[in-house]
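Chemist: Questions regarding the structure given below will be posed in turn.
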Amino acid sequence: MNFLLKATISAIFAISLLISSASAQTTRKHTFEVGDGAFLLDGKPFVIKAAELHYPRIPRPYWEQRIKLCKSLGMNAVCLYVFWNAHEQRPDSFDFSEQLDLAAFCRLCQKNGLYVILRPGPYVCAEWEMGGLPWWLLKKQDIRLRESDDYFIERVDRFEKAVAGEVKDLLIENGGPIIMVQVENEYGSYGEDKRYVSQIRDIIRKHFGENITLFQCDWSSNFTLNGLDDLVWTINFGAGADVEQQFAHLKSLRPNSPLMCSEYWSGWFDKWGANHETRSADVMVAGIDAMLSRGISFSLYMTHGGTNWGHWAGANSPGFAPDVTSYDYDAPINESGQPTPKYWLLRKTLAKYNGGKRLPSLPDLVNPIAIPQFEFKYVAPLFWNLPDTKKDFGIKSMEQYDQGFGTILYRTALPRLDIPSRLIVSNAHDYAQIFLNGEFIGKLDRRNHEKEIVLPACEEGSQLDILVEAMGRINFGRAIKDFKGITEKVEIETKLYGKPFVYDLKGWEVYNIEDEYATYADKKFMPIDEVSHRASQRLPGYYRATFNVDYPSDTFLDFSTWGKGLVYVNGHALGRFWEIGPQQTLYMPGCWLRRGENEIIVFDVVGPHKAVVEGLKEPIIDKLQEYHPARRRNLSLDKERVSFAGEFGAGNGWQEVRFDKSATGRYVCLVFEDAHAADDIASVAEIYLLDGDGERLPREEWSVVYADSEARSHENHTADKLFDLQESTYWSSDEGDKFPHAVVIDMGEEHTVGGVQYLPRMEQGAPGSVKHFKVYVKSEQFMF
């Protein structure tokens, strides 16, 4: 019997199987608690070997197969987030059914002999839209997210009550698999507010009871900022980190506490327009071996990443770096549920720590299929299929129109422009296309801090269209309060009667295009041949086709000839595509295909080069098609005044250097003159600049305008990693490039700079540690 048939039968009988399984197991109650230097399961020491899996990222018919792959790997637990915004997409309308059936997933873990670590947020990060927070919170524009804001706390309380209502009976004290529950998530990377973290703890305890073990996770550099005395403290770090160094501070503060790396990062996430991220299998496995040999528990983030279906992919910050649809993560089990070389290497290591027992055999795997290329013959042009309009005097964001996801069109009539003039959009979130009288003028890409474009001279009454596609809301850092659409205003800078003049454009027609299957399916489709000859440019719109499958199985739909948009197959949201890459295919689970005819609808906001698709047996997630302008130019510092020259020490951990005299400017040039090691490699994990009072300057608007060396081979060690809020990623000079190395940062506006904080790499010995350095600060751009 093939795997898909088994999955179908399993889905049909899932409810009865789970009910019978639950009733059989709830009679056997267990205990889980914190002992002297160890976790205790039924009073005996227990080392947690957890696999991070996210049920919304896996098709439900495949849940058990993925769980069994983790069991066969040698894991004894599953760690999972609960995504608030997926479960409560509208206020007080909770959904725990089908793909979101949290309790059913937990029961499947228990059925397969795995315990569960529950992480119900409310914030989860996870490269997920807005870090798991619902977009509708932003309808209250003054809300303070992840703080002691009365409305926010009230909504958190309602959500956690709903979650507990689903799974409280599955706590270990009640005979279920849930051994621990997390309070908030990596709050030290957001702020310092023990009162708020205490409120979340109290809400969790109120709804889950007093007996469950609660823990909080953070980084080794900041876990004390919000550490509560009555919670277990765990540390998060990535493959390659020095294990002893990561736990050293925690051991000094709590020498009798059990140790756990609650997120051991197996790989990394991909963002649009950057190379596909990979991490060494040998390095990952060495870290796990080092932990288990010391009796340290861990959760492998991710063991299987899955997919950011539909619009659920988030975005990183500072700046704006939207994540791709695939959440492959270079994990041991890839996006489509296939074991990778990492899997086999890790399985060999975990076999040593299985109490002398043989690991379970692997479950059946899916055999992917190819689908011959098929052509789209029908289209509903976007501008011919606009929804009902709303009229507004001023600009409003998506949220103010009660729209959470999708695309929004702003339209107005222009004054007469006798000369080419600057159109300034403040701010377009996230990808705006400008049309004048129906003709495409250009785009504004938030990733590149693009906010203005030149309009040609035009007559009074000319139609201006600004089509804005919302991508994922920022999921990390203070920028998670991320409004979509146009967030402030639109202006035109021109000359009137020979003098500078600014028009603040008013009088808008607004069209809300929600990202829902019903939105795209309910359009007036017509043969492409009837409209293609009328289009002098690429044609944004809704494209529809059917394709046939003899024997449904997994495949990867190739969108490399398309522009930018979203895809639905048989009503299932597959996710986003974007021609720039690195991802060119979308994972199509076979369990969502039908034998015979299948429907596909593609909403392309740019328009395809060629409206064709085929199904491949292998994914393409590592092909960039975007031109990268070189940052390496001829930087001249001969005539520049050095603001500060200093020296960093060797070794791991944060260092701070204060300047003799503060300097003011917008542009900062960091010059790394040598390293502690005798080679030409320089590496920096994080850089903060301090103001005159020693406080950290905001980095949300920072961008790199120059870097003379960046390593890009199989990991993105680019200069933006200097300030990406991630301590496990780093900028590195490229092999063969000689010292000195220089990076120029645009801070977005003028600041007074009085010092610098520097974090070397996390590995033992801090490879590439900088020694001597110089800082230049000036108001004008440096000369290239």
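Each chain in the structure tokens gets a letter, A, B and so on, in the order shown; residues start at 1 in every chain, and ligands are counted from 1 in the order they appear.
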I'd like the neighbourhood of stretch 298-303 of chain A as a ChimeraX atom specification, where a residue qualifies if any of its atoms comes within 9 Å (using only C-alpha atoms), though same-chain residues fewer than 4 positions away should be ignored.
Modeler: /A:47-53,70,77-79,238,259-268,288,291-292,328-334,343
Chemist: Looking only at the backbone, which of the residues in stretch 554-722 of chain A does DSSP tag as helix (DSSP H, G or I), as an NGL selection string?
Modeler: :A and (590-592 or 719-722)
Chemist: Using only C-alpha atoms, determine which residues lie at most 7 Å from stretch 544-546 of chain A, disregarding the query and same-chain residues fewer than 2 positions distant; provide the list as a list in words.
Modeler: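 What passes the distance filter is Phe376, Lys377, Tyr378, Val379, Tyr542, Asn548, Glu597, Asn598, Glu599, Ile600, Ile601 and Val602 of chain A.
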Chemist: Hey, which of A:Asn512, A:Asn475, A:Thr718, A:Gln216 ends up closest to A:Phe320? Count only C-alpha atoms.
Modeler: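 Closest candidate: A:Asn475.
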Chemist: From the set A:Trp63, A:Phe374, A:Tyr511, A:Trp312, which residue has the shortest atom-to-atom contact distance to A:Asp392, counting only C-alpha atoms?
Modeler: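 Distance minimum relative to A:Asp392 lands on A:Tyr511.
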Chemist: For A:Val425, find every residue with an atom within 7 Å (counting only C-alpha atoms), except residues of its own chain fewer than 4 positions away, and show them as an mmCIF file with N, CA and C atoms, in the first residue's frame.
Modeler:
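Once written, around-v1.cif looks like this:
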```
data_model
loop_
_atom_site.group_PDB
_atom_site.id
_atom_site.type_symbol
_atom_site.label_atom_id
_atom_site.label_comp_id
_atom_site.auth_asym_id
_atom_site.auth_seq_id
_atom_site.Cartn_x
_atom_site.Cartn_y
_atom_site.Cartn_z
ATOM 1 N N LYS A 451 11.714 54.959 -1.593
ATOM 2 C CA LYS A 451 10.555 55.752 -1.191
ATOM 3 C C LYS A 451 10.134 56.775 -2.237
ATOM 4 N N GLU A 452 10.907 56.927 -3.309
ATOM 5 C CA GLU A 452 10.543 57.950 -4.280
ATOM 6 C C GLU A 452 10.885 57.507 -5.690
ATOM 7 N N LYS A 489 1.796 59.156 4.052
ATOM 8 C CA LYS A 489 1.309 60.139 3.089
ATOM 9 C C LYS A 489 1.994 59.939 1.747
ATOM 10 N N VAL A 490 1.454 60.635 0.733
ATOM 11 C CA VAL A 490 2.042 60.648 -0.607
ATOM 12 C C VAL A 490 2.178 62.107 -1.036
ATOM 13 N N GLU A 491 3.384 62.472 -1.478
ATOM 14 C CA GLU A 491 3.648 63.859 -1.873
ATOM 15 C C GLU A 491 4.291 63.912 -3.252
#
```
Chemist: Could you go through stretch 112-214 of chain A and tell me which residues DSSP, when run on the backbone, assigns to strand (DSSP E or B), listing them as a list of chain:residue names?
Modeler: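 Matching residues for strand (DSSP E or B) in stretch 112-214 of chain A are A:Tyr115, A:Val116, A:Ile117, A:Leu118, A:Arg119, A:Trp128, A:Leu171, A:Ile178, A:Ile179, A:Met180, A:Val181, A:Gln182, A:Thr213, A:Leu214.
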Chemist: Point out the residue among A:Ser361, A:Leu697, A:Val775, A:Phe559 with the least atom-to-atom distance to A:Phe659, counting only C-alpha atoms.
Modeler: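 Of A:Ser361, A:Leu697, A:Val775, A:Phe559, the one nearest A:Phe659 is A:Val775, counting only C-alpha atoms.
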Chemist: Nearest to A:Leu69 among A:Leu386, A:Cys669, A:Leu505, A:Cys109, with distances taken over only C-alpha atoms: which residue is it?
Modeler: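 For A:Leu69, the nearest of the given residues is A:Cys109.
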Chemist: Could you tell me how far atom CA of A:Trp84 lies from atom CA of A:Lys206, in Å and to one decimal?
Modeler: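 We find that atom CA of A:Trp84 and atom CA of A:Lys206 lie 18.1 Å from each other.
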Chemist: From the options A:Phe782, A:Phe773, A:Tyr517, A:Tyr587, which residue's atoms come nearest to A:Tyr758, counting only C-alpha atoms?
Modeler: A:Phe773
Chemist: Which residue is closest to A:Asn448? Choose from A:Phe96, A:Trp702, A:Tyr667, A:Trp135 and count only C-alpha atoms.
Modeler: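 Smallest distance to A:Asn448 is found for A:Trp702.
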